[in-house]
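As provided, input.txt (compact mmCIF, C-alpha atoms) reads as follows.
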```
# COMPACT_ATOMS: atom_id res chain seq x y z
CA MET A 11 118.39 271.47 60.80
CA ALA A 12 114.77 272.62 60.93
CA VAL A 13 113.90 269.79 63.31
CA LEU A 14 116.89 270.53 65.51
CA GLY A 15 116.08 274.25 65.62
CA THR A 16 112.47 273.40 66.47
CA LEU A 17 113.50 271.13 69.34
CA ILE A 18 115.86 273.73 70.82
CA SER A 19 113.19 276.43 70.60
CA LEU A 20 110.57 274.11 72.11
CA LEU A 21 112.93 273.45 75.02
CA LEU A 22 113.26 277.20 75.57
CA ILE A 23 109.46 277.63 75.39
CA GLY A 24 108.98 274.82 77.90
CA VAL A 25 111.45 276.32 80.39
CA LEU A 26 110.06 279.85 80.04
CA GLY A 27 106.48 278.60 80.19
CA SER A 28 107.16 276.69 83.40
CA LEU A 29 108.81 279.75 84.97
CA PHE A 30 106.07 282.15 83.90
CA ILE A 31 103.25 279.84 85.03
CA GLY A 32 104.89 279.38 88.42
CA TRP A 33 105.62 283.10 88.78
CA ALA A 34 102.04 284.09 87.90
CA ALA A 35 100.63 281.28 90.08
CA LEU A 36 98.38 280.03 87.28
CA THR A 37 96.32 276.97 88.18
CA GLY A 38 95.06 276.16 84.67
CA ASN A 39 91.56 275.61 86.02
CA THR A 40 89.76 278.49 84.34
CA ASP A 41 86.79 277.14 82.35
CA ASP A 42 84.14 274.45 82.43
CA ASN A 43 86.25 271.88 80.60
CA THR A 44 89.26 272.16 82.87
CA GLY A 45 86.96 272.28 85.89
CA LEU A 46 85.29 269.05 84.80
CA ILE A 47 88.66 267.35 84.24
CA HIS A 48 89.87 268.51 87.64
CA GLY A 49 86.66 267.28 89.28
CA LEU A 50 86.78 263.85 87.66
CA TYR A 51 90.55 263.36 87.88
CA PRO A 52 91.88 265.46 90.78
CA ASN A 53 95.35 263.92 90.43
CA ILE A 54 95.94 265.62 87.06
CA ASP A 55 98.21 268.64 87.29
CA MET A 56 96.20 271.36 85.55
CA SER A 57 99.15 273.77 85.43
CA GLY A 58 101.11 271.10 83.57
CA LEU A 59 98.22 270.73 81.17
CA LEU A 60 98.33 274.49 80.63
CA LEU A 61 102.06 274.29 79.90
CA ALA A 62 101.45 271.50 77.39
CA GLY A 63 98.87 273.69 75.66
CA VAL A 64 101.36 276.55 75.42
CA ILE A 65 103.99 274.27 73.86
CA ILE A 66 101.61 272.65 71.37
CA GLY A 67 100.09 276.01 70.46
CA SER A 68 103.53 277.41 69.63
CA LEU A 69 104.69 274.33 67.73
CA GLY A 70 102.66 274.97 64.56
CA VAL A 71 104.00 278.48 64.01
CA LEU A 72 107.48 277.48 65.18
CA ASP A 73 107.66 274.72 62.58
CA ASP A 74 106.86 277.23 59.84
CA VAL A 75 109.63 279.58 60.97
CA THR A 76 112.37 276.96 61.27
CA VAL A 77 111.59 275.27 57.94
CA THR A 78 111.50 278.63 56.16
CA GLN A 79 114.81 279.75 57.66
CA THR A 80 116.56 276.50 56.78
CA SER A 81 115.24 276.61 53.22
CA ALA A 82 116.30 280.25 52.86
CA VAL A 83 119.89 279.49 53.93
CA TRP A 84 120.08 276.56 51.49
CA GLU A 85 118.81 278.72 48.63
CA LEU A 86 121.33 281.44 49.47
CA HIS A 87 124.09 278.84 49.32
CA GLU A 88 122.82 277.57 45.97
CA ALA A 89 122.79 281.12 44.60
CA ASN A 90 126.31 281.84 45.85
CA PRO A 91 128.26 278.68 46.81
CA THR A 92 131.33 280.72 47.79
CA MET A 93 129.48 282.58 50.56
CA GLY A 94 130.93 281.73 53.95
CA TRP A 95 129.22 281.04 57.25
CA ARG A 96 129.06 284.66 58.35
CA GLY A 97 127.63 285.83 55.05
CA LEU A 98 124.98 283.11 55.06
CA TYR A 99 124.06 283.90 58.65
CA ARG A 100 123.73 287.65 58.07
CA ALA A 101 121.65 287.16 54.94
CA GLY A 102 119.45 284.57 56.66
CA ILE A 103 118.89 286.84 59.65
CA ARG A 104 117.75 289.65 57.36
CA ILE A 105 115.15 287.30 55.87
CA GLY A 106 114.12 285.97 59.27
CA ARG A 107 113.69 289.43 60.77
CA ASP A 108 110.89 290.27 58.36
CA HIS A 109 109.38 286.82 58.64
CA ILE A 110 109.29 286.79 62.44
CA ALA A 111 107.58 290.17 62.58
CA SER A 112 104.61 288.85 60.62
CA VAL A 113 104.54 285.54 62.51
CA VAL A 114 104.48 287.19 65.95
CA ASN A 115 101.62 289.41 64.80
CA THR A 116 99.77 286.29 63.64
CA LEU A 117 100.33 284.61 67.02
CA VAL A 118 99.11 287.63 69.00
CA LEU A 119 96.03 288.05 66.83
CA ALA A 120 95.22 284.33 67.09
CA TYR A 121 95.33 284.43 70.89
CA ALA A 122 93.39 287.72 70.96
CA GLY A 123 90.73 286.22 68.70
CA ALA A 124 90.39 283.18 70.96
CA ALA A 125 89.95 285.43 74.02
CA LEU A 126 87.69 287.97 72.28
CA PRO A 127 84.47 287.00 74.15
CA LEU A 128 86.32 287.35 77.43
CA LEU A 129 87.74 290.74 76.46
CA LEU A 130 84.26 291.86 75.41
CA LEU A 131 82.90 290.77 78.79
CA PHE A 132 85.48 292.85 80.63
CA SER A 133 84.75 295.81 78.36
CA ILE A 134 81.01 295.64 79.06
CA ALA A 135 81.66 295.35 82.79
CA GLN A 136 83.95 298.43 82.53
CA SER A 137 86.69 296.73 84.49
CA GLY A 138 90.02 298.46 84.97
CA VAL A 139 93.22 297.41 83.22
CA GLY A 140 94.72 296.13 86.47
CA THR A 141 91.67 294.02 87.24
CA VAL A 142 91.62 292.55 83.74
CA ALA A 143 95.35 291.77 83.69
CA ASN A 144 95.26 290.15 87.12
CA SER A 145 92.41 287.80 86.26
CA GLU A 146 93.68 284.30 85.58
CA LEU A 147 91.87 284.00 82.24
CA VAL A 148 93.64 287.03 80.79
CA ALA A 149 96.93 286.17 82.54
CA GLU A 150 96.94 282.81 80.76
CA GLU A 151 96.63 284.50 77.36
CA ILE A 152 99.37 286.97 78.27
CA VAL A 153 101.69 284.12 79.27
CA ARG A 154 100.85 282.20 76.09
CA THR A 155 101.62 285.23 73.93
CA LEU A 156 104.85 286.19 75.71
CA VAL A 157 106.30 282.69 75.90
CA GLY A 158 105.33 281.83 72.34
CA SER A 159 106.71 285.10 70.96
CA ILE A 160 110.02 284.74 72.81
CA GLY A 161 110.41 281.20 71.53
CA LEU A 162 109.65 282.24 67.95
CA VAL A 163 112.08 285.15 68.05
CA ALA A 164 114.82 282.90 69.49
CA SER A 165 114.22 280.24 66.85
CA VAL A 166 115.39 282.51 64.01
CA PRO A 167 119.06 283.00 65.05
CA VAL A 168 119.33 279.44 66.36
CA THR A 169 118.03 277.77 63.20
CA THR A 170 119.86 280.18 60.90
CA ALA A 171 123.17 279.57 62.66
CA LEU A 172 122.75 275.78 62.53
CA ALA A 173 121.79 275.80 58.86
CA ALA A 174 124.62 278.19 57.95
CA LEU A 175 127.19 276.04 59.73
CA VAL A 176 126.06 272.86 57.98
CA VAL A 177 125.61 274.28 54.50
CA SER A 178 128.85 276.28 54.57
CA ALA A 179 130.76 273.03 55.15
CA ASP A 180 129.51 271.85 51.76
CA ARG A 181 132.14 273.62 49.70
CA PRO A 182 132.03 273.17 45.93
CA ALA A 183 134.97 271.20 44.56
CA GLU A 184 137.50 273.24 42.68
CA ARG A 185 136.81 272.90 39.02
CA PRO A 186 139.72 271.90 36.79
CA ALA A 187 140.95 274.48 34.37
CA GLN A 188 138.81 274.52 31.29
CA VAL A 189 141.01 273.41 28.45
CA ALA A 190 138.38 272.80 25.85
CA THR A 191 136.80 275.55 23.84
CA ALA A 192 133.07 276.15 23.85
CA GLY A 193 132.66 274.06 20.72
CA GLY A 194 134.69 271.18 22.08
CA GLY A 195 137.74 271.91 19.91
CA ALA A 196 141.39 271.82 20.76
CA SER A 197 142.70 273.60 23.77
CA ALA A 198 143.84 277.19 23.47
CA PRO A 199 147.60 277.74 23.63
CA ALA A 200 148.86 278.75 27.01
CA ARG A 201 150.24 282.22 27.31
CA GLY A 202 153.70 282.93 28.54
CA GLY A 203 157.07 281.55 27.59
CA ARG A 204 158.99 282.45 24.39
CA GLY A 205 156.81 283.49 21.52
CA ARG A 206 157.51 283.23 17.85
CA ARG A 207 160.47 285.06 16.44
CA ARG A 208 159.62 288.13 14.50
CA LYS A 209 160.30 287.92 10.80
CA ARG A 210 162.95 290.26 9.68
```
For the file at hand, write its structure as structure tokens.
Amino acid sequence: MAVLGTLISLLLIGVLGSLFIGWAALTGNTDDNTGLIHGLYPNIDMSGLLLAGVIIGSLGVLDDVTVTQTSAVWELHEANPTMGWRGLYRAGIRIGRDHIASVVNTLVLAYAGAALPLLLLFSIAQSGVGTVANSELVAEEIVRTLVGSIGLVASVPVTTALAALVVSADRPAERPAQVATAGGGASAPARGGRGRRRKR
């Protein structure tokens, strides 16, 4: 279920990343490395390479979220095997809501840390917010953060729903009535029916 939730979320990240990169008209040719690759191999689509970087960058954190959510739903089922699909889903979502908040913060801080020299350069140059946001270097980081965050947030309900559906189908078998006493003695007499006659 974790793998399936990861694949669905990766598909969403790929679609959103492609749309955002096309909408922002990002070329992917923003530093010396990408410039060298583009110069040596002009047939390589640099925007596609940028999209691949967005997907791979989100995969590590996404894997953590989906595995944690699946494990949480399984543990909830083990703690209360009679809990139905809706109960498992609601409980799993409550766990995932707190988890995703910390994970998104981690993703944003990781991208901000990678772009820190660039942000410092813009700060020293005293560039305006509009100028900074419209530069392709910063726009790439904004797209990475937005697409990755949306994919991570979407992965929680998707994975939780899949895990809840599968684990709720595993109903515990009805246990036969316990007829033996705790010490393994004879069975207790069943109540009901005609009792003993009272002595006169």
TODO: Show which residues sit within 9 Å of A:Pro167, as a PyMOL selection string. Count only C-alpha atoms, and ignore same-chain residues fewer than 4 positions away.
DONE: chain A and resi 99+102-103+106+163+171-172
Using the selection just defined, write its residues with C-alpha atoms as an mmCIF file, in the frame of the given file.
```
data_model
loop_
_atom_site.group_PDB
_atom_site.id
_atom_site.type_symbol
_atom_site.label_atom_id
_atom_site.label_comp_id
_atom_site.auth_asym_id
_atom_site.auth_seq_id
_atom_site.Cartn_x
_atom_site.Cartn_y
_atom_site.Cartn_z
ATOM 1 C CA TYR A 99 124.060 283.900 58.650
ATOM 2 C CA GLY A 102 119.450 284.570 56.660
ATOM 3 C CA ILE A 103 118.890 286.840 59.650
ATOM 4 C CA GLY A 106 114.120 285.970 59.270
ATOM 5 C CA VAL A 163 112.080 285.150 68.050
ATOM 6 C CA ALA A 171 123.170 279.570 62.660
ATOM 7 C CA LEU A 172 122.750 275.780 62.530
#
```
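Coordinates place atom CA of A:Ala120 at a distance of 27.4 Å from atom CA of A:Ile54.
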- [ ] Return the single residue from A:Ile160, A:Ile31, A:Val114, A:Ser178 that is closest to A:Ser19, with distances computed using all atoms listed in the file.
- [x] A:Ile160
Open item on the list: Report, in Å with one decimal, the straight-line distance from atom CA of A:Thr169 to atom CA of A:Gly15.
Closed with: 4.7 Å
Task: From A:Leu72, A:Val177, A:Leu29, A:Leu46, residue lying nearest A:Gly58 [all atoms listed in the file] - done: A:Leu29
Open item on the list: Can you pull out the residues contacting stretch 61-63 of chain A? Cut-off 7 Å, using only C-alpha atoms, and skip same-chain residues under 4 positions away; I want them as an MDAnalysis selection string.
Closed with: chainID A and resid 27:28 57 67
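Of the residues under consideration (A:Gly24, A:Gly32, A:Gly38, A:Gly49), A:Gly24 shows the shortest atom-to-atom contact distance to A:Gly158 when counting only C-alpha atoms.
Proximity of A:Ala111, A:Leu119, A:Leu175, A:Val64 to A:Phe30, computed with only C-alpha atoms, is greatest for A:Val64.
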- [ ] Using only C-alpha atoms, find the one residue out of A:Ala34, A:Met56, A:Val176, A:Ala164 that sits nearest to A:Ser145.
- [x] A:Ala34
Enclose all atoms of stretch 101-105 of chain A listed in the file in an axis-aligned box, grow every side by 5 Å, and hand back centre and edge lengths in Å to one decimal, as lines of an AutoDock Vina configuration file.
```
center_x = 118.4
center_y = 287.1
center_z = 57.3
size_x = 16.5
size_y = 15.1
size_z = 14.7
```
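In terms of minimum interatomic distance to A:Gly161, A:Ser68 ranks closest within A:Asn39, A:Ser68, A:Ser112, A:Thr78, counting all atoms listed in the file.
What separates atom CA of A:Leu36 from atom CA of A:Tyr51 is a distance of 18.4 Å.
The list of residues within 10 Å of (94.3, 286.5, 78.3), counted using all atoms listed in the file, is Tyr121, Ala122, Ala124, Ala125, Leu126, Leu128, Leu129, Val142, Ala143, Asn144, Ser145, Glu146, Leu147, Val148, Ala149, Glu150, Glu151, Ile152, Val153, Arg154 and Thr155 of chain A.
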Restricting the output to C-alpha atoms, write the selected residues as a short mmCIF file (atom, residue, chain, number, x, y, z; two decimals), in the frame of the given file.
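Dumped everything to part.cif:
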```cif
data_model
loop_
_atom_site.label_atom_id
_atom_site.label_comp_id
_atom_site.auth_asym_id
_atom_site.auth_seq_id
_atom_site.Cartn_x
_atom_site.Cartn_y
_atom_site.Cartn_z
CA TYR A 121 95.33 284.43 70.89
CA ALA A 122 93.39 287.72 70.96
CA ALA A 124 90.39 283.18 70.96
CA ALA A 125 89.95 285.43 74.02
CA LEU A 126 87.69 287.97 72.28
CA LEU A 128 86.32 287.35 77.43
CA LEU A 129 87.74 290.74 76.46
CA VAL A 142 91.62 292.55 83.74
CA ALA A 143 95.35 291.77 83.69
CA ASN A 144 95.26 290.15 87.12
CA SER A 145 92.41 287.80 86.26
CA GLU A 146 93.68 284.30 85.58
CA LEU A 147 91.87 284.00 82.24
CA VAL A 148 93.64 287.03 80.79
CA ALA A 149 96.93 286.17 82.54
CA GLU A 150 96.94 282.81 80.76
CA GLU A 151 96.63 284.50 77.36
CA ILE A 152 99.37 286.97 78.27
CA VAL A 153 101.69 284.12 79.27
CA ARG A 154 100.85 282.20 76.09
CA THR A 155 101.62 285.23 73.93
#
```
